[in-house]
Each structure stands twice: as structure tokens, then as C-alpha cells.
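model-v8.pdb follows; it contains PDB, C-alpha atoms.
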```pdb
ATOM      1  CA  MET A   1       5.355  -9.407  14.531
ATOM      2  CA  PRO A   2       4.020  -5.861  14.344
ATOM      3  CA  ASP A   3       4.314  -4.166  17.710
ATOM      4  CA  THR A   4       1.882  -1.311  17.073
ATOM      5  CA  ALA A   5      -1.536  -0.955  15.496
ATOM      6  CA  VAL A   6      -0.049   1.247  12.752
ATOM      7  CA  LYS A   7       2.499  -1.433  11.850
ATOM      8  CA  LEU A   8      -0.234  -4.079  11.852
ATOM      9  CA  LEU A   9      -2.396  -2.052   9.456
ATOM     10  CA  ALA A  10       0.595  -1.293   7.215
ATOM     11  CA  LYS A  11       1.482  -4.996   7.186
ATOM     12  CA  HIS A  12      -1.998  -6.004   6.018
ATOM     13  CA  TYR A  13      -2.014  -3.263   3.413
ATOM     14  CA  ALA A  14       1.330  -4.623   2.128
ATOM     15  CA  VAL A  15      -0.153  -8.131   1.930
ATOM     16  CA  ALA A  16      -3.139  -6.871  -0.084
ATOM     17  CA  HIS A  17      -0.903  -4.847  -2.402
ATOM     18  CA  GLY A  18       1.381  -7.838  -2.876
ATOM     19  CA  ARG A  19      -1.577 -10.005  -3.847
ATOM     20  CA  VAL A  20      -2.774  -7.431  -6.391
ATOM     21  CA  VAL A  21       0.655  -7.233  -8.006
ATOM     22  CA  GLU A  22       1.145 -11.004  -7.949
ATOM     23  CA  SER A  23      -2.267 -11.838  -9.367
ATOM     24  CA  ALA A  24      -2.182  -9.117 -12.021
ATOM     25  CA  GLY A  25       1.421  -9.946 -12.877
ATOM     26  CA  ARG A  26       0.524 -13.594 -13.435
ATOM     27  CA  THR A  27      -2.303 -12.622 -15.768
ATOM     28  CA  GLU A  28      -1.441 -13.337 -19.393
ATOM     29  CA  ASP A  29      -0.716 -10.184 -21.380
ATOM     30  CA  SER A  30      -3.551 -11.070 -23.768
ATOM     31  CA  GLN A  31      -5.979 -11.315 -20.822
ATOM     32  CA  PHE A  32      -4.770  -8.300 -18.805
ATOM     33  CA  ALA A  33      -6.847  -5.728 -20.694
ATOM     34  CA  LYS A  34      -9.579  -8.120 -21.834
ATOM     35  CA  SER A  35     -13.089  -6.957 -21.063
ATOM     36  CA  MET A  36     -15.588  -9.497 -19.836
ATOM     37  CA  GLY A  37     -18.487  -7.186 -20.711
ATOM     38  CA  THR A  38     -19.280  -3.550 -20.113
ATOM     39  CA  ARG A  39     -20.045  -4.090 -16.425
ATOM     40  CA  VAL A  40     -17.030  -6.273 -15.698
ATOM     41  CA  HIS A  41     -13.956  -4.137 -16.242
ATOM     42  CA  SER A  42     -10.605  -5.709 -17.107
ATOM     43  CA  VAL A  43      -7.790  -6.699 -14.758
ATOM     44  CA  ALA A  44      -5.916  -3.660 -16.113
ATOM     45  CA  TRP A  45      -8.800  -1.403 -15.107
ATOM     46  CA  GLN A  46      -9.009  -2.958 -11.625
ATOM     47  CA  VAL A  47      -5.277  -2.454 -10.975
ATOM     48  CA  TRP A  48      -5.365   1.110 -12.323
ATOM     49  CA  HIS A  49      -8.430   1.925 -10.198
ATOM     50  CA  ILE A  50      -6.864   0.533  -7.006
ATOM     51  CA  ALA A  51      -3.674   2.487  -7.658
ATOM     52  CA  ARG A  52      -5.551   5.705  -8.441
ATOM     53  CA  TRP A  53      -7.386   5.632  -5.112
ATOM     54  CA  ASP A  54      -4.287   4.609  -3.156
ATOM     55  CA  ASP A  55      -2.406   7.475  -4.831
ATOM     56  CA  ARG A  56      -5.171   9.806  -3.659
ATOM     57  CA  PHE A  57      -5.173   8.251  -0.179
ATOM     58  CA  ALA A  58      -1.416   8.824   0.253
ATOM     59  CA  GLU A  59      -2.005  12.450  -0.732
ATOM     60  CA  ILE A  60      -4.834  12.748   1.827
ATOM     61  CA  MET A  61      -2.735  11.183   4.586
ATOM     62  CA  ILE A  62       0.146  13.600   3.984
ATOM     63  CA  ASP A  63      -2.222  16.563   3.740
ATOM     64  CA  LYS A  64      -4.160  15.701   6.921
ATOM     65  CA  THR A  65      -1.239  14.571   9.093
ATOM     66  CA  PRO A  66       1.083  17.408  10.168
ATOM     67  CA  ASP A  67       3.861  14.980  11.159
ATOM     68  CA  LEU A  68       3.967  13.520   7.628
ATOM     69  CA  GLY A  69       4.209  16.745   5.624
ATOM     70  CA  GLY A  70       7.775  17.438   6.707
ATOM     71  CA  ARG A  71       8.831  13.917   5.916
ATOM     72  CA  PHE A  72       7.211  13.531   2.492
ATOM     73  CA  GLY A  73       6.985  17.105   1.254
ATOM     74  CA  PRO A  74       3.840  18.745  -0.040
ATOM     75  CA  PRO A  75       0.861  16.472  -0.691
ATOM     76  CA  GLY A  76       0.469  15.314  -4.267
ATOM     77  CA  GLN A  77      -0.105  12.289  -6.437
ATOM     78  CA  ILE A  78       2.291  10.390  -8.675
ATOM     79  CA  TRP A  79      -0.540  10.429 -11.242
ATOM     80  CA  ALA A  80      -0.642  14.235 -11.394
ATOM     81  CA  ARG A  81       3.063  14.874 -10.860
ATOM     82  CA  GLU A  82       3.969  12.697 -13.858
ATOM     83  CA  SER A  83       0.940  13.720 -15.978
ATOM     84  CA  LEU A  84       0.199  10.038 -16.532
ATOM     85  CA  ALA A  85      -3.292  10.576 -17.944
ATOM     86  CA  LYS A  86      -1.797  12.739 -20.663
ATOM     87  CA  GLN A  87       1.135  10.351 -21.226
ATOM     88  CA  TRP A  88      -1.238   7.416 -21.507
ATOM     89  CA  GLY A  89      -3.636   9.286 -23.810
ATOM     90  CA  LEU A  90      -6.566   9.049 -21.406
ATOM     91  CA  PRO A  91      -9.543  11.442 -21.379
ATOM     92  CA  VAL A  92      -8.620  13.800 -18.535
ATOM     93  CA  GLY A  93     -11.664  14.947 -16.606
ATOM     94  CA  GLN A  94     -13.844  12.158 -18.019
ATOM     95  CA  MET A  95     -12.770   9.195 -15.884
ATOM     96  CA  GLY A  96     -15.164   9.570 -12.991
ATOM     97  CA  LYS A  97     -14.581  11.121  -9.599
ATOM     98  CA  ARG A  98     -11.069  12.597  -9.446
ATOM     99  CA  ASP A  99     -10.274  10.646 -12.639
ATOM    100  CA  THR A 100     -10.149   7.408 -10.627
ATOM    101  CA  GLY A 101     -12.830   5.419 -12.451
ATOM    102  CA  THR A 102     -15.340   5.769  -9.609
ATOM    103  CA  GLY A 103     -18.712   6.817 -10.961
ATOM    104  CA  MET A 104     -17.763   6.312 -14.605
ATOM    105  CA  ASP A 105     -20.526   4.995 -16.799
ATOM    106  CA  ASP A 106     -19.884   1.379 -17.778
ATOM    107  CA  GLU A 107     -19.391   1.936 -21.500
ATOM    108  CA  PRO A 108     -16.690   4.629 -21.200
ATOM    109  CA  ALA A 109     -15.003   2.658 -18.409
ATOM    110  CA  ASP A 110     -14.955  -0.440 -20.587
ATOM    111  CA  ALA A 111     -13.657   1.586 -23.543
ATOM    112  CA  LEU A 112     -10.776   3.053 -21.518
ATOM    113  CA  ARG A 113      -7.550   1.880 -23.152
ATOM    114  CA  LEU A 114      -4.827   1.668 -20.558
ATOM    115  CA  PRO A 115      -1.199   1.055 -21.498
ATOM    116  CA  GLY A 116       0.354  -2.420 -21.321
ATOM    117  CA  LYS A 117       0.650  -4.541 -18.220
ATOM    118  CA  ALA A 118       4.232  -3.508 -17.405
ATOM    119  CA  VAL A 119       3.334   0.205 -17.441
ATOM    120  CA  VAL A 120       0.166  -0.175 -15.348
ATOM    121  CA  LEU A 121       1.921  -2.424 -12.826
ATOM    122  CA  ASP A 122       4.874  -0.039 -12.613
ATOM    123  CA  TYR A 123       2.537   2.812 -11.675
ATOM    124  CA  ALA A 124       0.686   0.606  -9.170
ATOM    125  CA  GLN A 125       3.869  -0.648  -7.531
ATOM    126  CA  ARG A 126       5.255   2.869  -7.137
ATOM    127  CA  VAL A 127       1.964   4.054  -5.621
ATOM    128  CA  PHE A 128       1.841   1.038  -3.301
ATOM    129  CA  ALA A 129       5.436   1.618  -2.119
ATOM    130  CA  HIS A 130       4.708   5.301  -1.479
ATOM    131  CA  LEU A 131       1.511   4.572   0.457
ATOM    132  CA  GLN A 132       3.329   1.900   2.478
ATOM    133  CA  ALA A 133       5.980   4.439   3.474
ATOM    134  CA  VAL A 134       3.285   6.955   4.435
ATOM    135  CA  LEU A 135       1.371   4.394   6.494
ATOM    136  CA  LYS A 136       4.500   3.218   8.309
ATOM    137  CA  ALA A 137       5.324   6.826   9.213
ATOM    138  CA  MET A 138       1.868   7.471  10.668
ATOM    139  CA  PRO A 139       2.217   8.487  14.329
ATOM    140  CA  ASP A 140       0.686   5.807  16.566
ATOM    141  CA  GLU A 141      -0.901   8.397  18.829
ATOM    142  CA  SER A 142      -2.895   9.835  15.901
ATOM    143  CA  LEU A 143      -4.368   6.542  14.704
ATOM    144  CA  PHE A 144      -7.696   6.858  16.517
ATOM    145  CA  ALA A 145      -7.973  10.639  16.178
ATOM    146  CA  VAL A 146     -10.585  11.976  13.781
ATOM    147  CA  MET A 147      -8.949  12.901  10.501
ATOM    148  CA  ALA A 148      -9.112  16.668   9.935
ATOM    149  CA  ASP A 149     -12.100  17.737   7.839
ATOM    150  CA  ASP A 150     -13.307  14.152   7.422
ATOM    151  CA  PRO A 151     -16.902  14.446   6.169
ATOM    152  CA  ASP A 152     -17.996  11.404   8.188
ATOM    153  CA  GLY A 153     -15.975  12.123  11.320
ATOM    154  CA  ASP A 154     -13.852   9.018  10.693
ATOM    155  CA  SER A 155     -10.543   8.418  12.396
ATOM    156  CA  TYR A 156      -7.291   7.708  10.589
ATOM    157  CA  ALA A 157      -7.796   4.033  11.468
ATOM    158  CA  ASP A 158     -11.291   4.072   9.938
ATOM    159  CA  ASN A 159      -9.952   5.616   6.737
ATOM    160  CA  ILE A 160      -7.071   3.134   6.505
ATOM    161  CA  MET A 161      -9.536   0.250   6.847
ATOM    162  CA  ILE A 162     -11.959   1.785   4.315
ATOM    163  CA  TYR A 163      -9.195   2.083   1.720
ATOM    164  CA  LEU A 164      -7.843  -1.379   2.552
ATOM    165  CA  ASP A 165     -11.337  -2.790   2.045
ATOM    166  CA  HIS A 166     -11.376  -1.092  -1.364
ATOM    167  CA  VAL A 167      -8.134  -2.840  -2.360
ATOM    168  CA  GLU A 168      -9.480  -6.197  -1.202
ATOM    169  CA  ARG A 169     -12.785  -5.796  -3.069
ATOM    170  CA  HIS A 170     -11.021  -5.079  -6.354
ATOM    171  CA  LEU A 171      -8.500  -7.852  -5.708
ATOM    172  CA  GLY A 172     -11.538 -10.147  -5.583
ATOM    173  CA  MET A 173     -12.576  -8.806  -8.980
ATOM    174  CA  ILE A 174      -9.101  -9.531 -10.359
ATOM    175  CA  GLU A 175      -9.296 -13.085  -9.022
ATOM    176  CA  ALA A 176     -12.789 -13.565 -10.490
ATOM    177  CA  LEU A 177     -11.689 -12.202 -13.864
ATOM    178  CA  ARG A 178      -8.740 -14.582 -13.899
ATOM    179  CA  GLY A 179     -11.107 -17.452 -13.130
ATOM    180  CA  LEU A 180     -13.517 -16.414 -15.882
ATOM    181  CA  GLN A 181     -10.588 -16.500 -18.299
ATOM    182  CA  GLY A 182      -9.583 -19.997 -17.217
ATOM    183  CA  THR A 183      -6.620 -19.048 -15.016
ATOM    184  CA  ALA A 184      -6.395 -19.938 -11.342
ATOM    185  CA  GLY A 185      -5.991 -16.986  -9.022
ATOM    186  CA  SER A 186      -4.005 -16.832  -5.802
ATOM    187  CA  ALA A 187      -7.219 -17.317  -3.820
ATOM    188  CA  THR A 188      -7.541 -20.829  -5.240
ATOM    189  CA  GLU A 189      -4.024 -21.949  -4.359
TER     190      GLU A 189
END
```
Can you present the structure in this file as C-alpha cells?
Amino acid sequence: MPDTAVKLLAKHYAVAHGRVVESAGRTEDSQFAKSMGTRVHSVAWQVWHIARWDDRFAEIMIDKTPDLGGRFGPPGQIWARESLAKQWGLPVGQMGKRDTGTGMDDEPADALRLPGKAVVLDYAQRVFAHLQAVLKAMPDESLFAVMADDPDGDSYADNIMIYLDHVERHLGMIEALRGLQGTAGSATE
């Protein structure tokens, strides 16, 4: 049992991440990148999008939390550090806000050709592990403090829940896409 609010939030984040990896991993390779129409992006896109924002969130947490900087080094993203957009042949600067897919027009988002399932899941799992480590290291006494420079005046706890909600919403899309392709998702088991 988690004995602090930080550990409880990290635990639920780990559950959500585990469900994303499990559901996407169980998706047939032929269905992983399959579009269901320009407004219903593929499982591959959903996983990539979740990982992109969680990569950004880990960077934000390290940047805005003085206690974390010394432990994790300077803020940064796996995505940028490894030049993954370039490696994957993606259109840098054309993939929405912060190249995360948010705000992309439907046609270009649907046309985005991500690498195979193993590569996308590898990136996602590394991001998820990094964010988990960052969340677990979050000082309990800072949890309900307003995050520095937060445009909405949200606390660390608010931000953690906002990003967790994002994971859960896209996990629902993954489950729906699996259902549309005739495969049961974890939500139906």
C-alpha cells in the first residue's frame, strides 16, 4: 500500500502506463499503425502521443522542482536527446504543439508514418520508466504547492492528475481502436 500521496499518484500512473503498453503490445502488428479514418488516429499514434507528452511532463517536473534537478540532471526529453524525430524520418516542427501531435490537422496526423510497434513501444516504455522515477522522487511536501510559472496556478498534484487523465483518455482510444478492429481490449476482460 502506498503510504504517501506521491506514492499513490505514482502507483496509478504506473497502472495506466502498464495498460497502455499491454494493450498496444497485444495489438497485431498489422493493426498497430492502421488508420480508422482521418479523425481516428492509429494505436501507434496514440502510444506515440502519450509518450511525447509524458516525456515533456518529466522534463517540466525536473525543471520546476529544485529537489529533482540534482537527482536527474538538467531537464530534457528522451525525444530530443536521441533526435528521434530525425531518426524516424518525421517532419520536425510540423507535428503540432511541441511536436507532440496536439493541434495537428487530422490529415497530416493520419499521414504520419511512425516506425514499427517494437520501436514505438520501446520509446514509450523508456519514457514511462523515466517519468515513474521522477514522480516517485517528488518531495511529498511540494505536492500541493503551486508549480513555478504554472499558467493556471495549478499545483504539482493538479498537473500530475491532468497528465494522468491524458494517458487514460488515449488509453480509451487504444481500447476502442482494438475493438473496432475486432480485438478485445483489456477493458473488456
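Residues within 9 Å of A:Lys136, counting all atoms listed in the file and excluding same-chain residues fewer than 5 positions away, are A:Val6, A:Lys7, A:Leu9, A:Ala10, A:Lys11, A:Leu131.
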Output C-alpha atoms for every residue in the selection just made, as an mmCIF file, in the coordinates of the input.
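Written output follows (again_18.cif):
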```cif
data_model
loop_
_atom_site.group_PDB
_atom_site.id
_atom_site.type_symbol
_atom_site.label_atom_id
_atom_site.label_comp_id
_atom_site.auth_asym_id
_atom_site.auth_seq_id
_atom_site.Cartn_x
_atom_site.Cartn_y
_atom_site.Cartn_z
ATOM 1 C CA VAL A 6 -0.049 1.247 12.752
ATOM 2 C CA LYS A 7 2.499 -1.433 11.850
ATOM 3 C CA LEU A 9 -2.396 -2.052 9.456
ATOM 4 C CA ALA A 10 0.595 -1.293 7.215
ATOM 5 C CA LYS A 11 1.482 -4.996 7.186
ATOM 6 C CA LEU A 131 1.511 4.572 0.457
#
```
What's around A:Arg178 at 10 Å? Count all atoms listed in the file, leave out sequence neighbours fewer than 5 positions away in its own chain, and write the answer as an mmCIF file with C-alpha atoms, in the coordinates of the input.
```cif
data_model
loop_
_atom_site.group_PDB
_atom_site.id
_atom_site.type_symbol
_atom_site.label_atom_id
_atom_site.label_comp_id
_atom_site.auth_asym_id
_atom_site.auth_seq_id
_atom_site.Cartn_x
_atom_site.Cartn_y
_atom_site.Cartn_z
ATOM 1 C CA SER A 23 -2.267 -11.838 -9.367
ATOM 2 C CA ALA A 24 -2.182 -9.117 -12.021
ATOM 3 C CA ARG A 26 0.524 -13.594 -13.435
ATOM 4 C CA THR A 27 -2.303 -12.622 -15.768
ATOM 5 C CA GLU A 28 -1.441 -13.337 -19.393
ATOM 6 C CA GLN A 31 -5.979 -11.315 -20.822
ATOM 7 C CA PHE A 32 -4.770 -8.300 -18.805
ATOM 8 C CA SER A 42 -10.605 -5.709 -17.107
ATOM 9 C CA VAL A 43 -7.790 -6.699 -14.758
ATOM 10 C CA GLY A 172 -11.538 -10.147 -5.583
ATOM 11 C CA MET A 173 -12.576 -8.806 -8.980
ATOM 12 C CA THR A 183 -6.620 -19.048 -15.016
ATOM 13 C CA ALA A 184 -6.395 -19.938 -11.342
ATOM 14 C CA GLY A 185 -5.991 -16.986 -9.022
ATOM 15 C CA SER A 186 -4.005 -16.832 -5.802
#
```
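Straight-line separation from atom CA of A:Gly73 to atom CA of A:Val20: 27.5 Å.
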Could you tell me which residues the PyMOL selection byres ((chain A and resi 161) around 12) returns for this structure, as a PDB file with C-alpha atoms, in the coordinates of the input?
```
ATOM      1  CA  ALA A   5      -1.536  -0.955  15.496  1.00  0.00           C
ATOM      2  CA  VAL A   6      -0.049   1.247  12.752  1.00  0.00           C
ATOM      3  CA  LEU A   8      -0.234  -4.079  11.852  1.00  0.00           C
ATOM      4  CA  LEU A   9      -2.396  -2.052   9.456  1.00  0.00           C
ATOM      5  CA  ALA A  10       0.595  -1.293   7.215  1.00  0.00           C
ATOM      6  CA  HIS A  12      -1.998  -6.004   6.018  1.00  0.00           C
ATOM      7  CA  TYR A  13      -2.014  -3.263   3.413  1.00  0.00           C
ATOM      8  CA  ALA A  16      -3.139  -6.871  -0.084  1.00  0.00           C
ATOM      9  CA  PHE A  57      -5.173   8.251  -0.179  1.00  0.00           C
ATOM     10  CA  LEU A 135       1.371   4.394   6.494  1.00  0.00           C
ATOM     11  CA  LEU A 143      -4.368   6.542  14.704  1.00  0.00           C
ATOM     12  CA  PHE A 144      -7.696   6.858  16.517  1.00  0.00           C
ATOM     13  CA  ASP A 154     -13.852   9.018  10.693  1.00  0.00           C
ATOM     14  CA  SER A 155     -10.543   8.418  12.396  1.00  0.00           C
ATOM     15  CA  TYR A 156      -7.291   7.708  10.589  1.00  0.00           C
ATOM     16  CA  ALA A 157      -7.796   4.033  11.468  1.00  0.00           C
ATOM     17  CA  ASP A 158     -11.291   4.072   9.938  1.00  0.00           C
ATOM     18  CA  ASN A 159      -9.952   5.616   6.737  1.00  0.00           C
ATOM     19  CA  ILE A 160      -7.071   3.134   6.505  1.00  0.00           C
ATOM     20  CA  ILE A 162     -11.959   1.785   4.315  1.00  0.00           C
ATOM     21  CA  TYR A 163      -9.195   2.083   1.720  1.00  0.00           C
ATOM     22  CA  LEU A 164      -7.843  -1.379   2.552  1.00  0.00           C
ATOM     23  CA  ASP A 165     -11.337  -2.790   2.045  1.00  0.00           C
ATOM     24  CA  HIS A 166     -11.376  -1.092  -1.364  1.00  0.00           C
ATOM     25  CA  VAL A 167      -8.134  -2.840  -2.360  1.00  0.00           C
ATOM     26  CA  GLU A 168      -9.480  -6.197  -1.202  1.00  0.00           C
TER      27      GLU A 168
END
```
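If only C-alpha atoms are the atoms counted, then among A:Met36, A:Val127, A:Met138, A:Ala148 the closest residue to A:His49 is A:Val127.
For the pair atom CA of A:Asp110 and atom CA of A:Val47, the interatomic distance is 13.8 Å.
Under the PyMOL selection byres ((chain A and resi 102-109) around 9), the matching residues in the shown file are Thr38, Arg39, Val40, His41, Trp45, His49, Gln94, Met95, Gly96, Lys97, Arg98, Asp99, Thr100, Gly101, Asp110, Ala111, Leu112 and Arg113 of chain A.
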Spatial neighbours of A:Lys117, 9 Å, all atoms listed in the file, chain gap at least 3 places, as a PyMOL selection string:
chain A and resi 24-25+27+29+32-33+44+114+120-122
For the structure provided, state which residues fall under the PyMOL selection byres ((chain A and resi 62) around 9), and present them as a PyMOL selection string.
chain A and resi 57-61+63-76+134
If you keep C-alpha atoms, can you produce a file of those selected residues as a compact mmCIF listing (two decimals), in the frame of the given file?
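Result file follows (again.txt):
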```txt
# COMPACT_ATOMS: atom_id res chain seq x y z
CA PHE A 57 -5.17 8.25 -0.18
CA ALA A 58 -1.42 8.82 0.25
CA GLU A 59 -2.00 12.45 -0.73
CA ILE A 60 -4.83 12.75 1.83
CA MET A 61 -2.74 11.18 4.59
CA ASP A 63 -2.22 16.56 3.74
CA LYS A 64 -4.16 15.70 6.92
CA THR A 65 -1.24 14.57 9.09
CA PRO A 66 1.08 17.41 10.17
CA ASP A 67 3.86 14.98 11.16
CA LEU A 68 3.97 13.52 7.63
CA GLY A 69 4.21 16.74 5.62
CA GLY A 70 7.78 17.44 6.71
CA ARG A 71 8.83 13.92 5.92
CA PHE A 72 7.21 13.53 2.49
CA GLY A 73 6.98 17.10 1.25
CA PRO A 74 3.84 18.74 -0.04
CA PRO A 75 0.86 16.47 -0.69
CA GLY A 76 0.47 15.31 -4.27
CA VAL A 134 3.28 6.96 4.43
```
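Coordinates place atom CA of A:Asp55 at a distance of 20.9 Å from atom CA of A:Ser142.
When all atoms listed in the file are used to compute distances to A:Arg126, the closest of the residues A:Lys86, A:Arg52, A:Lys34, A:Arg19 turns out to be A:Arg52.
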